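Undergrad: input21.cif is reproduced in full below (mmCIF, C-alpha atoms and all ligand atoms).
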data_start
loop_
_atom_site.label_atom_id
_atom_site.label_comp_id
_atom_site.auth_asym_id
_atom_site.auth_seq_id
_atom_site.Cartn_x
_atom_site.Cartn_y
_atom_site.Cartn_z
CA MET A 1 -25.23 25.05 -17.65
CA ASN A 2 -25.49 26.54 -14.12
CA HIS A 3 -22.21 26.96 -12.28
CA ASN A 4 -21.51 24.57 -9.43
CA PRO A 5 -22.10 26.41 -6.09
CA VAL A 6 -20.07 23.93 -4.03
CA PHE A 7 -16.80 25.21 -2.55
CA LEU A 8 -14.70 22.40 -1.13
CA ALA A 9 -13.14 23.26 2.25
CA LEU A 10 -9.52 22.10 2.12
CA ASP A 11 -9.12 21.85 5.89
CA MET A 12 -5.82 20.04 6.21
CA PRO A 13 -2.32 21.05 7.17
CA GLN A 14 -0.45 19.15 4.42
CA LEU A 15 -0.07 21.08 1.17
CA ASP A 16 0.57 17.92 -0.88
CA ALA A 17 -2.61 16.27 0.35
CA ALA A 18 -4.70 19.41 -0.19
CA THR A 19 -3.36 19.88 -3.72
CA ALA A 20 -3.88 16.22 -4.61
CA LEU A 21 -7.48 16.29 -3.32
CA ALA A 22 -8.19 19.58 -5.10
CA LYS A 23 -6.88 18.15 -8.40
CA LYS A 24 -9.03 15.03 -8.06
CA VAL A 25 -12.35 16.78 -7.36
CA LYS A 26 -11.81 19.92 -9.40
CA GLY A 27 -14.32 18.84 -12.09
CA HIS A 28 -17.11 18.40 -9.54
CA VAL A 29 -16.88 21.56 -7.40
CA GLY A 30 -17.09 25.26 -8.20
CA GLY A 31 -14.24 26.54 -6.03
CA PHE A 32 -11.93 25.93 -3.09
CA LYS A 33 -12.26 27.31 0.42
CA LEU A 34 -9.02 27.81 2.31
CA GLY A 35 -9.43 28.39 6.02
CA LEU A 36 -7.34 28.99 9.08
CA GLU A 37 -5.79 25.53 9.24
CA PHE A 38 -4.48 25.73 5.68
CA PHE A 39 -3.57 29.44 5.74
CA CYS A 40 -1.68 29.24 9.04
CA ALA A 41 0.34 26.33 7.67
CA HIS A 42 1.02 27.56 4.12
CA GLY A 43 0.16 31.27 3.85
CA HIS A 44 0.31 33.01 0.49
CA HIS A 45 2.43 30.29 -1.08
CA GLY A 46 -0.22 27.66 -0.36
CA VAL A 47 -2.99 29.86 -1.74
CA HIS A 48 -1.03 30.34 -4.99
CA GLU A 49 -0.57 26.57 -5.33
CA ILE A 50 -4.32 25.92 -5.09
CA ALA A 51 -5.19 28.97 -7.22
CA HIS A 52 -3.07 27.49 -10.06
CA LEU A 53 -5.80 24.87 -10.49
CA GLY A 54 -7.97 27.61 -11.97
CA LEU A 55 -11.05 27.64 -9.73
CA PRO A 56 -12.16 30.60 -7.56
CA ILE A 57 -10.54 30.87 -4.12
CA PHE A 58 -12.53 31.64 -0.98
CA LEU A 59 -10.33 32.76 1.92
CA ASP A 60 -12.28 31.90 5.06
CA LEU A 61 -10.07 33.83 7.49
CA LYS A 62 -12.93 35.15 9.65
CA LEU A 63 -11.16 38.43 10.37
CA HIS A 64 -12.18 40.01 13.67
CA ASP A 65 -10.17 42.89 15.14
CA ILE A 66 -10.24 46.67 15.34
CA PRO A 67 -11.17 48.34 12.02
CA ASN A 68 -7.63 49.54 11.19
CA THR A 69 -6.14 46.08 11.68
CA VAL A 70 -8.80 44.32 9.62
CA ALA A 71 -8.44 46.89 6.81
CA GLY A 72 -4.68 46.29 6.83
CA ALA A 73 -5.19 42.53 6.61
CA MET A 74 -7.57 43.03 3.68
CA HIS A 75 -4.92 45.11 1.87
CA SER A 76 -2.38 42.34 2.41
CA LEU A 77 -4.73 39.87 0.68
CA HIS A 78 -5.10 41.89 -2.57
CA VAL A 79 -2.23 40.09 -4.21
CA LEU A 80 -4.05 36.74 -3.80
CA GLU A 81 -7.15 37.99 -5.67
CA PRO A 82 -9.61 35.94 -3.58
CA SER A 83 -13.22 35.78 -4.79
CA ILE A 84 -14.54 35.78 -1.22
CA VAL A 85 -13.10 36.77 2.18
CA THR A 86 -14.88 36.39 5.53
CA VAL A 87 -14.95 38.73 8.54
CA HIS A 88 -16.94 38.32 11.77
CA ALA A 89 -20.10 40.47 11.89
CA SER A 90 -19.64 40.76 15.66
CA GLY A 91 -16.58 42.92 14.92
CA GLY A 92 -19.11 45.70 14.38
CA ARG A 93 -20.27 48.05 11.69
CA ALA A 94 -17.14 50.22 11.42
CA MET A 95 -14.94 47.14 11.11
CA MET A 96 -17.12 45.75 8.32
CA GLU A 97 -17.25 49.10 6.49
CA ASP A 98 -13.46 49.40 6.60
CA ALA A 99 -13.01 45.77 5.55
CA LYS A 100 -15.17 46.29 2.47
CA ALA A 101 -13.46 49.57 1.59
CA ALA A 102 -10.05 47.89 1.80
CA ALA A 103 -10.95 44.74 -0.16
CA GLY A 104 -9.93 44.21 -3.78
CA GLU A 105 -12.39 45.23 -6.46
CA ASN A 106 -13.36 41.66 -7.35
CA THR A 107 -13.49 40.32 -3.81
CA LYS A 108 -16.79 39.73 -2.06
CA VAL A 109 -16.65 40.41 1.67
CA VAL A 110 -19.11 38.35 3.69
CA ALA A 111 -19.74 38.40 7.41
CA VAL A 112 -20.00 35.33 9.62
CA THR A 113 -23.15 35.80 11.71
CA LEU A 114 -23.40 32.80 14.05
CA LEU A 115 -21.10 29.82 13.56
CA THR A 116 -22.93 26.67 12.48
CA SER A 117 -21.30 24.85 15.39
CA LEU A 118 -23.34 26.91 17.88
CA ASP A 119 -26.92 26.56 19.11
CA GLU A 120 -29.10 28.56 21.49
CA ARG A 121 -27.46 27.05 24.60
CA ASP A 122 -23.99 28.02 23.35
CA MET A 123 -25.25 31.54 22.65
CA ALA A 124 -26.63 31.86 26.18
CA ARG A 125 -23.25 30.77 27.58
CA THR A 126 -21.59 33.65 25.76
CA GLY A 127 -24.18 36.10 27.06
CA ILE A 128 -26.35 36.37 23.94
CA ASP A 129 -30.09 35.99 24.55
CA GLY A 130 -32.57 34.77 21.97
CA SER A 131 -32.51 32.24 19.17
CA PRO A 132 -29.92 31.62 16.45
CA HIS A 133 -32.54 32.85 13.97
CA ASP A 134 -32.86 36.23 15.72
CA GLN A 135 -29.11 36.64 16.06
CA VAL A 136 -28.51 35.84 12.38
CA MET A 137 -31.25 38.24 11.25
CA ARG A 138 -29.84 41.03 13.45
CA LEU A 139 -26.28 40.59 12.21
CA ALA A 140 -27.42 40.21 8.58
CA GLU A 141 -29.09 43.62 8.84
CA LEU A 142 -25.92 45.10 10.31
CA ALA A 143 -23.77 43.56 7.56
CA GLU A 144 -26.08 44.89 4.85
CA SER A 145 -26.05 48.37 6.36
CA ALA A 146 -22.24 48.25 6.46
CA GLY A 147 -22.17 47.65 2.70
CA LEU A 148 -20.98 44.05 2.75
CA ASP A 149 -21.81 41.67 -0.08
CA GLY A 150 -23.48 39.09 2.11
CA ILE A 151 -23.22 36.84 5.11
CA VAL A 152 -22.34 33.34 6.28
CA CYS A 153 -25.19 31.58 8.08
CA SER A 154 -26.61 28.09 8.40
CA GLY A 155 -29.13 26.57 6.02
CA ALA A 156 -31.73 26.90 8.78
CA GLU A 157 -31.66 30.69 8.42
CA VAL A 158 -30.75 31.33 4.79
CA GLY A 159 -34.36 31.32 3.55
CA ALA A 160 -35.41 34.04 5.99
CA VAL A 161 -32.31 36.15 5.33
CA HIS A 162 -32.85 35.84 1.58
CA LYS A 163 -36.39 37.24 1.96
CA GLN A 164 -35.06 40.25 3.86
CA TRP A 165 -31.97 40.86 1.66
CA SER A 166 -32.95 39.68 -1.81
CA ASP A 167 -29.71 40.60 -3.63
CA GLY A 168 -27.36 39.42 -0.86
CA TYR A 169 -24.64 36.81 -1.34
CA PHE A 170 -25.18 33.93 1.06
CA VAL A 171 -22.54 31.43 2.06
CA VAL A 172 -23.83 28.32 3.81
CA PRO A 173 -21.58 25.79 5.59
CA GLY A 174 -22.71 23.07 7.98
CA LEU A 175 -23.98 20.91 5.11
CA ARG A 176 -24.46 17.18 5.39
CA PRO A 177 -25.88 15.04 2.56
CA GLY A 178 -28.00 13.15 5.14
CA GLY A 179 -29.17 16.41 6.72
CA LYS A 180 -28.27 15.22 10.25
CA ALA A 181 -26.13 17.13 12.75
CA SER A 182 -22.86 15.33 13.36
CA GLY A 183 -19.61 16.06 15.17
CA ASP A 184 -19.08 19.75 15.79
CA GLN A 185 -21.79 21.00 13.41
CA LYS A 186 -25.12 21.74 15.14
CA ARG A 187 -27.19 23.76 12.62
CA VAL A 188 -27.18 21.44 9.62
CA VAL A 189 -29.19 21.00 6.41
CA THR A 190 -28.62 19.17 3.11
CA PRO A 191 -26.83 20.93 0.24
CA ARG A 192 -30.04 20.78 -1.83
CA GLN A 193 -32.16 22.40 0.87
CA ALA A 194 -29.63 25.22 1.32
CA ARG A 195 -29.55 25.85 -2.41
CA ASP A 196 -33.35 25.81 -2.71
CA ASP A 197 -33.59 28.29 0.17
CA GLY A 198 -31.31 30.81 -1.54
CA ALA A 199 -27.68 29.94 -0.73
CA SER A 200 -25.20 31.39 -3.24
CA VAL A 201 -22.28 29.24 -2.07
CA LEU A 202 -22.45 25.78 -0.50
CA VAL A 203 -19.42 25.02 1.67
CA VAL A 204 -18.66 21.31 1.98
CA GLY A 205 -15.61 19.93 3.76
CA ARG A 206 -15.49 16.55 5.50
CA PRO A 207 -18.41 14.92 3.61
CA ILE A 208 -16.05 15.07 0.60
CA SER A 209 -12.53 15.27 2.07
CA LYS A 210 -13.03 12.40 4.55
CA ALA A 211 -15.04 10.20 2.20
CA GLY A 212 -13.52 6.88 1.10
CA ASP A 213 -13.93 8.11 -2.47
CA PRO A 214 -13.92 11.94 -2.47
CA VAL A 215 -14.63 12.17 -6.20
CA ALA A 216 -17.72 9.97 -5.88
CA ALA A 217 -18.86 11.99 -2.84
CA ALA A 218 -18.47 15.27 -4.74
CA ARG A 219 -20.31 13.83 -7.75
CA GLU A 220 -23.16 12.61 -5.56
CA ILE A 221 -23.59 16.05 -4.01
CA GLU A 222 -23.41 17.67 -7.45
CA ALA A 223 -26.11 15.31 -8.72
CA THR A 224 -28.53 16.42 -5.98
CA LEU A 225 -28.32 20.08 -6.99
O1 LIG B 1 -20.34 29.09 10.57
C1 LIG B 1 -19.43 28.51 9.95
C2 LIG B 1 -18.44 29.20 9.27
C3 LIG B 1 -17.48 28.51 8.60
N1 LIG B 1 -17.44 27.16 8.60
C4 LIG B 1 -16.38 26.48 7.84
O2 LIG B 1 -16.97 25.65 6.84
C5 LIG B 1 -16.29 24.42 6.75
C6 LIG B 1 -17.24 23.29 7.04
O3 LIG B 1 -16.56 22.07 7.01
P1 LIG B 1 -17.30 20.66 7.21
O4 LIG B 1 -16.16 19.70 7.25
O5 LIG B 1 -18.19 20.47 6.00
O6 LIG B 1 -18.06 20.70 8.49
C7 LIG B 1 -15.11 24.49 7.71
O7 LIG B 1 -13.98 24.89 6.95
C8 LIG B 1 -15.49 25.59 8.68
O8 LIG B 1 -14.36 26.31 9.14
C9 LIG B 1 -18.41 26.46 9.29
O9 LIG B 1 -18.42 25.21 9.31
N2 LIG B 1 -19.38 27.16 9.94
#
What does this structure look like when you write it as structure tokens?

TA:
Amino acid sequence: MNHNPVFLALDMPQLDAATALAKKVKGHVGGFKLGLEFFCAHGHHGVHEIAHLGLPIFLDLKLHDIPNTVAGAMHSLHVLEPSIVTVHASGGRAMMEDAKAAAGENTKVVAVTLLTSLDERDMARTGIDGSPHDQVMRLAELAESAGLDGIVCSGAEVGAVHKQWSDGYFVVPGLRPGGKASGDQKRVVTPRQARDDGASVLVVGRPISKAGDPVAAAREIEATL
């Protein structure tokens, strides 16, 4: 049987609630993604609690600083044995090289290219010309040349990136079972489309965590894959 590519984003500040949700859906997802909200509230202790459930842990910390600082942060994460850690590709090539060199042997380091909450207008406001597609392709090339394992991008770009970087590891958030942009997510596709286009990991948060029945929501997504 194929492994389940869905990582559930446990974006909540309460450790009890996150652990209870993780226990409930554990049979219908392939791993847990712990991001800034969870990590800032519970740090290493919280990560250990979720790791006890036995599924891979993705630390979505989106590190972005000078190379020496990011390398130091990576060293400090060794003890948690994460399967995946994120850095921002816009931190530059040297930062990504040092992040990868400092990561644990079994940790994949992937670079966030352009957040799925941003579109072309948002890019222009931050002084970046061109389309999300062009920006993702440019940063994917930089991440590959820096020796990273892969990138984070939206499902709208993953097919094109996969063609250019065939053995890359591609993390895709911004997934909605209905395929429609909602709330803060602007570049959205369905989990099935992202998987068919070459995503290695499907990140799903609120469509499961905010569902009336999170287990049913996770099962429904699993059934589409
Ligand atoms: O470009 C990015 C990078 C990371 N994320 C993270 O993924 C989840 C998505 O949660 P939903 O509730 O399914 O929208 C969240 O933890 C983000 O921090 C992203 O959305 N886009």

Undergrad: Set the distance at 12 Å and use all atoms listed in the file: which residues neighbour Ala216 in chain A once local chain neighbours fewer than 3 positions away are removed? I'd like the list as a list in words.

TA: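 My reading of the contact set: Lys24, Val25, Gly27, His28, Val29, Pro207, Ile208, Ser209, Lys210, Ala211, Gly212, Asp213, Arg219, Glu220, Ile221, Glu222 and Ala223 of chain A.
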
Undergrad: Which residue, A:Ala99, A:Ser90, A:His42, A:His48, has the smallest gap to Ile128 in chain A when you use only C-alpha atoms?

TA: A:Ser90

Undergrad: Nearest to ligand LIG 1 (chain B): which of A:Lys33, A:Arg121, A:His52, A:Arg192 is it, counting all atoms listed in the file?

TA: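 For ligand LIG 1 (chain B), the nearest of the given residues is A:Lys33.
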
Undergrad: Taking all atoms listed in the file into account, which residues have an atom no farther than 9 Å from ligand LIG 1 (chain B)? I'd like them as a ChimeraX atom specification.

TA: /A:8-11,33-37,60-62,86,112-118,152-154,171-176,182-185,187,203-210

Undergrad: Only C-alpha atoms, please: the residues just picked out, written as an mmCIF file, in the coordinates of the input.

TA:
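Result saved to out.cif:
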data_model
loop_
_atom_site.group_PDB
_atom_site.id
_atom_site.type_symbol
_atom_site.label_atom_id
_atom_site.label_comp_id
_atom_site.auth_asym_id
_atom_site.auth_seq_id
_atom_site.Cartn_x
_atom_site.Cartn_y
_atom_site.Cartn_z
ATOM 1 C CA LEU A 8 -14.700 22.400 -1.130
ATOM 2 C CA ALA A 9 -13.140 23.260 2.250
ATOM 3 C CA LEU A 10 -9.520 22.100 2.120
ATOM 4 C CA ASP A 11 -9.120 21.850 5.890
ATOM 5 C CA LYS A 33 -12.260 27.310 0.420
ATOM 6 C CA LEU A 34 -9.020 27.810 2.310
ATOM 7 C CA GLY A 35 -9.430 28.390 6.020
ATOM 8 C CA LEU A 36 -7.340 28.990 9.080
ATOM 9 C CA GLU A 37 -5.790 25.530 9.240
ATOM 10 C CA ASP A 60 -12.280 31.900 5.060
ATOM 11 C CA LEU A 61 -10.070 33.830 7.490
ATOM 12 C CA LYS A 62 -12.930 35.150 9.650
ATOM 13 C CA THR A 86 -14.880 36.390 5.530
ATOM 14 C CA VAL A 112 -20.000 35.330 9.620
ATOM 15 C CA THR A 113 -23.150 35.800 11.710
ATOM 16 C CA LEU A 114 -23.400 32.800 14.050
ATOM 17 C CA LEU A 115 -21.100 29.820 13.560
ATOM 18 C CA THR A 116 -22.930 26.670 12.480
ATOM 19 C CA SER A 117 -21.300 24.850 15.390
ATOM 20 C CA LEU A 118 -23.340 26.910 17.880
ATOM 21 C CA VAL A 152 -22.340 33.340 6.280
ATOM 22 C CA CYS A 153 -25.190 31.580 8.080
ATOM 23 C CA SER A 154 -26.610 28.090 8.400
ATOM 24 C CA VAL A 171 -22.540 31.430 2.060
ATOM 25 C CA VAL A 172 -23.830 28.320 3.810
ATOM 26 C CA PRO A 173 -21.580 25.790 5.590
ATOM 27 C CA GLY A 174 -22.710 23.070 7.980
ATOM 28 C CA LEU A 175 -23.980 20.910 5.110
ATOM 29 C CA ARG A 176 -24.460 17.180 5.390
ATOM 30 C CA SER A 182 -22.860 15.330 13.360
ATOM 31 C CA GLY A 183 -19.610 16.060 15.170
ATOM 32 C CA ASP A 184 -19.080 19.750 15.790
ATOM 33 C CA GLN A 185 -21.790 21.000 13.410
ATOM 34 C CA ARG A 187 -27.190 23.760 12.620
ATOM 35 C CA VAL A 203 -19.420 25.020 1.670
ATOM 36 C CA VAL A 204 -18.660 21.310 1.980
ATOM 37 C CA GLY A 205 -15.610 19.930 3.760
ATOM 38 C CA ARG A 206 -15.490 16.550 5.500
ATOM 39 C CA PRO A 207 -18.410 14.920 3.610
ATOM 40 C CA ILE A 208 -16.050 15.070 0.600
ATOM 41 C CA SER A 209 -12.530 15.270 2.070
ATOM 42 C CA LYS A 210 -13.030 12.400 4.550
#

Undergrad: When distances are computed from all atoms listed in the file, which of A:Ala89, A:Ala218, A:Ala156, A:Leu63 shows the smallest separation from Leu21 in chain A?

TA: A:Ala218

Undergrad: Provide the CA of Ala146 in chain A to CA of Asp119 in chain A distance in Å, to one decimal place.

TA: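 Value for the CA of Ala146 in chain A-CA of Asp119 in chain A distance: 25.5 Å.
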
Undergrad: In Å, how far is it from CA of Ala181 in chain A to CA of Ile151 in chain A?

TA: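 Going from CA of Ala181 in chain A over to CA of Ile151 in chain A covers 21.3 Å.
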
Undergrad: Between CA of Pro191 in chain A and CA of Asp129 in chain A, what is the distance in Å, rounded to a tenth?

TA: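 CA of Asp129 in chain A lies 28.8 Å from CA of Pro191 in chain A.
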
Undergrad: Please identify all polymer residues within 7 Å of Thr19 in chain A, counting only C-alpha atoms, omitting same-chain residues fewer than 4 positions from it, and present them as an NGL selection string.

TA: :A and (15 or 23 or 50)

Undergrad: When distances are computed from all atoms listed in the file, which of A:Asn4, A:Ser200, A:Ser76, A:Thr107 shows the smallest separation from His162 in chain A?

TA: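 Under the stated criterion, the closest residue is A:Ser200.
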
Undergrad: Reconstruct N, CA and C atoms of range 203-215 of chain A; output as a PDB file, in the frame of the given file.

TA:
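The result, stored in out-v2.pdb:
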ATOM      1  N   VAL A 203     -20.745  25.425   1.192  1.00  0.00           N
ATOM      2  CA  VAL A 203     -19.420  25.020   1.670  1.00  0.00           C
ATOM      3  C   VAL A 203     -19.496  23.566   2.150  1.00  0.00           C
ATOM      4  N   VAL A 204     -18.694  22.720   1.556  1.00  0.00           N
ATOM      5  CA  VAL A 204     -18.660  21.310   1.980  1.00  0.00           C
ATOM      6  C   VAL A 204     -17.207  20.921   2.239  1.00  0.00           C
ATOM      7  N   GLY A 205     -16.961  20.372   3.422  1.00  0.00           N
ATOM      8  CA  GLY A 205     -15.610  19.930   3.760  1.00  0.00           C
ATOM      9  C   GLY A 205     -15.560  18.426   3.926  1.00  0.00           C
ATOM     10  N   ARG A 206     -15.689  17.964   5.186  1.00  0.00           N
ATOM     11  CA  ARG A 206     -15.490  16.550   5.500  1.00  0.00           C
ATOM     12  C   ARG A 206     -16.373  15.561   4.737  1.00  0.00           C
ATOM     13  N   PRO A 207     -17.639  15.916   4.379  1.00  0.00           N
ATOM     14  CA  PRO A 207     -18.410  14.920   3.610  1.00  0.00           C
ATOM     15  C   PRO A 207     -17.711  14.546   2.296  1.00  0.00           C
ATOM     16  N   ILE A 208     -16.829  15.432   1.800  1.00  0.00           N
ATOM     17  CA  ILE A 208     -16.050  15.070   0.600  1.00  0.00           C
ATOM     18  C   ILE A 208     -14.635  14.658   1.012  1.00  0.00           C
ATOM     19  N   SER A 209     -13.966  15.516   1.817  1.00  0.00           N
ATOM     20  CA  SER A 209     -12.530  15.270   2.070  1.00  0.00           C
ATOM     21  C   SER A 209     -12.269  13.999   2.882  1.00  0.00           C
ATOM     22  N   LYS A 210     -13.236  13.606   3.725  1.00  0.00           N
ATOM     23  CA  LYS A 210     -13.030  12.400   4.550  1.00  0.00           C
ATOM     24  C   LYS A 210     -13.748  11.178   3.968  1.00  0.00           C
ATOM     25  N   ALA A 211     -14.345  11.334   2.809  1.00  0.00           N
ATOM     26  CA  ALA A 211     -15.040  10.200   2.200  1.00  0.00           C
ATOM     27  C   ALA A 211     -14.024   9.185   1.678  1.00  0.00           C
ATOM     28  N   GLY A 212     -14.412   7.916   1.643  1.00  0.00           N
ATOM     29  CA  GLY A 212     -13.520   6.880   1.100  1.00  0.00           C
ATOM     30  C   GLY A 212     -13.161   7.210  -0.335  1.00  0.00           C
ATOM     31  N   ASP A 213     -14.145   7.706  -1.077  1.00  0.00           N
ATOM     32  CA  ASP A 213     -13.930   8.110  -2.470  1.00  0.00           C
ATOM     33  C   ASP A 213     -14.405   9.557  -2.625  1.00  0.00           C
ATOM     34  N   PRO A 214     -13.511  10.528  -2.432  1.00  0.00           N
ATOM     35  CA  PRO A 214     -13.920  11.940  -2.470  1.00  0.00           C
ATOM     36  C   PRO A 214     -14.540  12.354  -3.799  1.00  0.00           C
ATOM     37  N   VAL A 215     -14.066  11.785  -4.904  1.00  0.00           N
ATOM     38  CA  VAL A 215     -14.630  12.170  -6.200  1.00  0.00           C
ATOM     39  C   VAL A 215     -16.084  11.718  -6.285  1.00  0.00           C
TER      40      VAL A 215
END
